[in-house]
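Everything on this sheet refers to the single structure shown next.
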Amino acid sequence: QSLGRITPTIKQRLQQILHCPYTGLMQQIYLESKALELFTAQFAIWTECSMSTPAISLCPQDIEQLHLAKNILIQQATHPPSLVNLARKVGLNDRKLNRGFRQLFGTTVFDYLQNHRLQQARDLLSNSRLTIAGVAGAIGYKSPEAFSTAFRRKFAVSPKTYQLSQRS
């Protein structure tokens, strides 16, 4: 699979990696930083390519239906409908729902739902005496471990650490 075009920046980073002037710990730090620069350059190309794909046109009715879908997700966050069922409820096909949601709200349907749930969790951890498992269940996670992992990814702190920091 092609990784995209090789730009002069990418060529330069590859050459720098191949001809590292350091040894030992400095070599490791240098190579890791060059690898990150290489990834950044590659992601910039991918982002540029994905933004060049034409956006779907959203008429006022589509926008209204997308807002309705967002409201349904919020109302049913603990037991959300599947993407296909959500699309049917608002009168769109699942592809238009997904692409339109991304275009209008800047995120996927799933990511919007997850961000909403985790914001709710943060509020519950700050303002209630629920356990971590209780918060996980309250926002629709069946597994406290899955909730903790998602919370840690989003906020860079465990739910317990966050909860304790809010109480002091």
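Simple scheme: letters A, B, ... for chains in structure tokens order, numbers from 1 for residues in each chain, numbers from 1 for ligands in the order shown.
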Name the residues in contact with Arg13 (chain A) at a cut-off of 8 Å, using only C-alpha atoms, excluding same-chain residues fewer than 2 positions from it; report them as a PDB file with C-alpha atoms, in the first residue's frame.
```pdb
ATOM      1  CA  THR A   9      10.946  17.149   3.720  1.00  0.00           C
ATOM      2  CA  ILE A  10      10.357  13.414   4.044  1.00  0.00           C
ATOM      3  CA  LYS A  11      13.484  12.658   1.996  1.00  0.00           C
ATOM      4  CA  GLN A  15      18.542  10.970   5.193  1.00  0.00           C
ATOM      5  CA  GLN A  16      18.963  12.411   8.689  1.00  0.00           C
ATOM      6  CA  ILE A  17      17.839   9.109  10.189  1.00  0.00           C
ATOM      7  CA  LYS A  34      13.403  12.460  13.592  1.00  0.00           C
ATOM      8  CA  ALA A  35      10.888   9.615  13.481  1.00  0.00           C
ATOM      9  CA  GLU A  37       9.109  14.586  12.406  1.00  0.00           C
ATOM     10  CA  LEU A  38       8.731  11.952   9.710  1.00  0.00           C
TER      11      LEU A  38
END
```
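Residues of region 120-156 of chain A that DSSP places in helix (DSSP H, G or I), based on the backbone of this structure, are A:Gln120, A:Ala121, A:Arg122, A:Asp123, A:Leu124, A:Leu125, A:Ser126, A:Asn127, A:Ile132, A:Ala133, A:Gly134, A:Val135, A:Ala136, A:Gly137, A:Ala138, A:Pro144, A:Glu145, A:Ala146, A:Phe147, A:Ser148, A:Thr149, A:Ala150, A:Phe151, A:Arg152, A:Arg153, A:Lys154, A:Phe155.
CA of Ala133 (chain A) is positioned 21.8 Å from CA of Phe110 (chain A).
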Counting only C-alpha atoms, which residues of region 70-142 of chain A sit at most 8 Å from some atom of region 154-168 of chain A, and what is each one's closest atom pair with its distance in Å to one decimal, listed by chain and rising residue number, as CSV?
```
residue,atom,partner,partner_atom,distance
A:Leu118,CA,A:Lys154,CA,7.8
A:Arg122,CA,A:Pro159,CA,8.0
A:Leu125,CA,A:Gln163,CA,5.1
A:Ser126,CA,A:Gln166,CA,5.6
A:Ile132,CA,A:Lys160,CA,6.8
```
Write to file, as a PDB file, in the first residue's frame, the residues of the selection just made, with N, CA and C atoms.
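Saved to out39.pdb:
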```
ATOM      1  N   LEU A 118     -17.899  10.985  28.213  1.00  0.00           N
ATOM      2  CA  LEU A 118     -16.747  11.252  29.087  1.00  0.00           C
ATOM      3  C   LEU A 118     -16.873  12.605  29.771  1.00  0.00           C
ATOM      4  N   ARG A 122     -16.903  13.079  33.777  1.00  0.00           N
ATOM      5  CA  ARG A 122     -16.096  14.061  34.506  1.00  0.00           C
ATOM      6  C   ARG A 122     -16.966  14.863  35.467  1.00  0.00           C
ATOM      7  N   LEU A 125     -17.884  12.567  38.378  1.00  0.00           N
ATOM      8  CA  LEU A 125     -16.740  12.360  39.272  1.00  0.00           C
ATOM      9  C   LEU A 125     -16.505  13.584  40.151  1.00  0.00           C
ATOM     10  N   SER A 126     -16.811  14.763  39.627  1.00  0.00           N
ATOM     11  CA  SER A 126     -16.621  16.000  40.386  1.00  0.00           C
ATOM     12  C   SER A 126     -17.737  16.255  41.381  1.00  0.00           C
ATOM     13  N   ILE A 132     -16.200   4.565  40.807  1.00  0.00           N
ATOM     14  CA  ILE A 132     -15.793   4.547  39.402  1.00  0.00           C
ATOM     15  C   ILE A 132     -16.711   3.614  38.609  1.00  0.00           C
TER      16      ILE A 132
END
```
Review point. Could you state the separation of CA of Lys96 (chain A) and CA of Arg153 (chain A) in Å, given to one decimal place?
Key: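 That distance, rounded to one decimal, is 28.5 Å.
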